[in-house]
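Q: Once you've had a glance at the structure underneath, I'll fire off some questions.
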Amino acid sequence: MSDFTNDHMILVILGAAVATYMTRIAGYLLLSVVSDIPPRAEAALNAIPAAVLTTLVAPAFYAGGWESKLAIAAALVTGLRYESPLPMIAVGWSIVMVCRYFIIG
């Protein structure tokens with residue numbers, strides 16, 4: 001019997017789906033009930049995107065090669081200049097692709 005048809009595996013997948021859905025909907029339900037958000041809670045909620053971005057970028061910066069470090073630094077400078085994330089993504093992606101294609105080979 002395959003691992004994908006195992007009853008325990010199906011229960012794990014369903015449990016993970018329910019847990020994911022509950023964590024996504026819980027924030028919405030909580031904020032819809034609360035009429036006034038305390039300033040400290042609002043500051044914490046505003047800091048979440050930066051924290052998530054840091055957890056994604058930091059491992060790539062330390063484990064990646066020099067082209068990744070160069071791309072992240074250029075994307076940071078671009079992100080400070082423009083409000084939209086599109087130029088930042090385009091600059092970072094372009095630098096990595098150019099370095100890997102033309103320089104590293």
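Scheme for the structure tokens: letters A, B, ... for chains in order shown; per-chain residue numbers from 1; ligand numbers from 1 in order shown.
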Which residues in chain A does DSSP call alpha helix (DSSP H)? List them as a ChimeraX atom specification.
A: /A:7-33,39-63,66-81,85-98
Q: I'd like the neighbourhood of stretch 98-100 of chain A as a PyMOL selection string, where a residue qualifies if any of its atoms comes within 10 Å (using only C-alpha atoms), though same-chain residues fewer than 2 positions away should be ignored.
A: chain A and resi 66-68+70-71+93-96+102-105
Q: So, counting only C-alpha atoms, which residue among A:Leu53, A:Met97, A:Val12, A:Ala44 is closest to A:Pro85?
A: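 Between A:Leu53, A:Met97, A:Val12, A:Ala44, the residue approaching A:Pro85 most closely is A:Leu53.
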Q: Quick one: pull the distance between atom CA of A:Glu42 and atom CA of A:Arg24, Å, one decimal.
A: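 Atom CA of A:Glu42 sits 17.6 Å away from atom CA of A:Arg24.
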